[in-house]
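Contents: one structure, followed by commentary.
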2 protein chains.
Amino acid sequence: MIVSTRGRYALRVLLDLCSGDPDAFVPMKEIAKREGISVKYMEQIMPVLVKNGLVEAVHGKGGGYRLGVKPSECRVGDVLRLTEGDLAPVACLSCGAEPCKRYADCKTIGMWSEFNRITNEYFDGITLSDLNKG
Amino acid sequence: MIVSTRGRYALRVLLDLCSGDPDAFVPMKEIAKREGISVKYMEQIMPVLVKNGLVEAVHGKGGGYRLGVKPSECRVGDVLRLTEGDLAPVACLSCGAEPCKRYADCKTIGMWSEFNRITNEYFDGITLSDLNKG
DNA sequence: GTATAATCCTACCGAAAAGGTAGGTAAATG
DNA sequence: CATTTACCTACCTTTTCGGTAGGATTATAC
């Protein structure tokens with residue numbers, strides 16, 4: 001399987017935030033309950049979304065989360081790259097990987113590379129608002 | 001990462017077999033050495049290729065492996081599905097998976113499903129002989 | 001300013017998969 | 001029969017996945 005729960009949960013949380021008042025802050029507990037995700041597990045998924053501006057977090061009473069971007073400007077590719085780390089099909093295409101020793105006579109690198117391009121392009125062509133409509 | 005060593009090694013072994021006399025049997029030891037793969041690890045990758053007719057195996061002196069299909073008729077998609085088990089992006093799209101409870105109001109299943117189609121289509125459009133040329 | 005409601009941080013844990021090793025068995029050939 | 005080869009079973013180590021526990025920190029409401 002290519003996409004783990006981290007990526008899928010993150011997407012679900014973002015979609016959940018799409019469907020309410022865009023200005024209101026929704027506590028994590030509510031979202032977790034609605035989406036059937038453990039609060040504790042969600043706790044380790046959210047910070048990365050906050051740090052990268054996809055959602056805004058407010059502490060204290062009356063706080064919670066809300067979207068930090070417009071649904072039409074939030075690409076699924078961004079969410080997946082953040083939560084999954086990478087979308088590369090093979091190790092040597094991961095960002096920051098050390099170059100493969102067999103690169104020179106590797107007959108498959110072109111294929112993986114093109115697949116990598118297709119994958120990123122596909123998920124970058126879909127936004128949260130696309131998903132909300134469909 | 002999407003594709004593990006099993007799939008990549010299998011592909012390399014098949015490509016290795018492509019480049020010699022198509023009728024000769026090549027012992028595993030030779031291939032493993034040439035491709036830098038441990039013989040013992042290769043031992044658990046080969047049987048699945050044999051069972052599905054991608055390669056032929058002959059025991060005893062003078063034995064080894066040779067291609068069981070024409071390079072132009074061996075699709076990368078077949079190899080990956082055999083060795084990786086599945087190319088599905090999410091669990092609910094794996095063959096034989098139990099249906100997801102949230103299917104009815106899942107906003108993402110369409111996206112995953114389409115990606116699954118694209119993935120299989122891409123790798124099914126590439127054969128061993130395509131890789132050998134490029 | 002204190003209680004409270006919320007996010008954030010650090011650490012741990014069990015299960016599964018990835019990647020590989022070891023040793024022995026079975027088949028074919030010379 | 002001895003050698004060469006593939007095949008089978010079991011085990012092992014490391015990493016990732018999915019999740020839990022407990023506390024620290026921040027900010028609001030009263």
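If you're wondering about the labels, chains in the structure tokens are A, B, ... by order shown, residues count from 1 in each chain, ligands from 1 in order shown.
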Got a sec: who's within 10 Å of DT25 (chain D), counting only C-alpha atoms (C1' of nucleotides), leaving out chain neighbours fewer than 5 positions off, as number ranges by chain?
A: 59; C: 7-9
Please identify every residue of chain A that has at least one atom no more than 12 Å from any atom of chain D, counting only C-alpha atoms (C1' of nucleotides), and report them as a ChimeraX atom specification.
/A:1,3-6,9,37-45,57-64,84
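We find CA of Leu17 (chain B) and CA of Arg117 (chain B) to be spaced 29.4 Å apart.
Comparing the minimum interatomic distances between Asn120 (chain A) and each of A:Ala24, A:Cys74, A:Ala32, A:Leu80, counting only C-alpha atoms, we find that A:Leu80 sits nearest.
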Would you please extract all helix (DSSP H, G or I) residues from region 14-129 of chain B, as assigned by DSSP on the backbone, and give them as JSON, numbers by chain?
{"B": [14, 15, 16, 17, 18, 28, 29, 30, 31, 32, 33, 34, 35, 39, 40, 41, 42, 43, 44, 45, 46, 47, 48, 49, 50, 51, 71, 72, 73, 76, 77, 78, 79, 80, 81, 82, 83, 84, 91, 92, 93, 103, 104, 105, 109, 110, 111, 112, 113, 114, 115, 116, 117, 118, 119, 120, 121, 122, 123, 124, 128, 129]}
Sorted by chain and rising residue number, list the residues of chain B at most 9 Å from chain A (counting only C-alpha atoms), each with its closest atom pair and distance in Å to one decimal, as CSV.
residue,atom,partner,partner_atom,distance
B:Met1,CA,A:Pro89,CA,5.2
B:Ile2,CA,A:Pro89,CA,4.4
B:Val3,CA,A:Pro89,CA,5.5
B:Ser4,CA,A:Val90,CA,7.3
B:Thr5,CA,A:Val90,CA,8.8
B:Arg8,CA,A:Val90,CA,8.6
B:Leu11,CA,A:Thr108,CA,8.5
B:Arg12,CA,A:Thr108,CA,8.4
B:Leu15,CA,A:Lys107,CA,8.4
B:Asp86,CA,A:Met1,CA,7.1
B:Leu87,CA,A:Met1,CA,6.6
B:Ala88,CA,A:Met1,CA,5.6
B:Pro89,CA,A:Ile2,CA,4.4
B:Val90,CA,A:Met1,CA,5.6
B:Ala91,CA,A:Met1,CA,6.4
B:Ser94,CA,A:Met1,CA,8.0
B:Cys106,CA,A:Arg12,CA,9.0
B:Lys107,CA,A:Leu131,CA,5.8
B:Thr108,CA,A:Leu131,CA,6.5
B:Gly110,CA,A:Gly134,CA,8.1
B:Met111,CA,A:Leu131,CA,8.0
B:Phe115,CA,A:Tyr122,CA,7.7
B:Ile118,CA,A:Ile118,CA,8.9
B:Thr119,CA,A:Phe115,CA,8.1
B:Tyr122,CA,A:Phe115,CA,7.7
B:Phe123,CA,A:Met111,CA,8.6
B:Ile126,CA,A:Met111,CA,8.4
B:Leu131,CA,A:Lys107,CA,5.8
B:Asn132,CA,A:Lys107,CA,6.6
B:Lys133,CA,A:Lys107,CA,8.5
B:Gly134,CA,A:Lys107,CA,6.8
Hey, what does DSSP flag as strand (DSSP E) within chain B? Can you give it to me as an mmCIF file with N, CA and C atoms, in the first residue's frame?
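Output file part-v3.cif is given in full below:
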data_model
loop_
_atom_site.group_PDB
_atom_site.id
_atom_site.type_symbol
_atom_site.label_atom_id
_atom_site.label_comp_id
_atom_site.auth_asym_id
_atom_site.auth_seq_id
_atom_site.Cartn_x
_atom_site.Cartn_y
_atom_site.Cartn_z
ATOM 1 N N VAL B 55 9.680 -16.945 -15.644
ATOM 2 C CA VAL B 55 10.962 -17.598 -15.926
ATOM 3 C C VAL B 55 10.792 -19.102 -15.822
ATOM 4 N N GLU B 56 11.709 -19.844 -16.472
ATOM 5 C CA GLU B 56 11.747 -21.294 -16.357
ATOM 6 C C GLU B 56 12.968 -21.669 -15.549
ATOM 7 N N ALA B 57 12.820 -22.673 -14.682
ATOM 8 C CA ALA B 57 13.938 -23.116 -13.857
ATOM 9 C C ALA B 57 14.254 -24.564 -14.158
ATOM 10 N N VAL B 58 15.547 -24.887 -14.230
ATOM 11 C CA VAL B 58 15.971 -26.271 -14.416
ATOM 12 C C VAL B 58 16.991 -26.627 -13.349
ATOM 13 N N GLY B 64 19.574 -23.778 -14.195
ATOM 14 C CA GLY B 64 19.511 -22.356 -13.870
ATOM 15 C C GLY B 64 18.189 -21.773 -14.317
ATOM 16 N N TYR B 65 18.213 -20.497 -14.660
ATOM 17 C CA TYR B 65 16.985 -19.836 -15.082
ATOM 18 C C TYR B 65 17.102 -19.292 -16.501
ATOM 19 N N ARG B 66 15.962 -19.216 -17.171
ATOM 20 C CA ARG B 66 15.885 -18.447 -18.398
ATOM 21 C C ARG B 66 14.484 -17.869 -18.509
ATOM 22 N N LEU B 67 14.322 -16.889 -19.352
ATOM 23 C CA LEU B 67 13.030 -16.235 -19.510
ATOM 24 C C LEU B 67 11.975 -17.238 -19.987
#
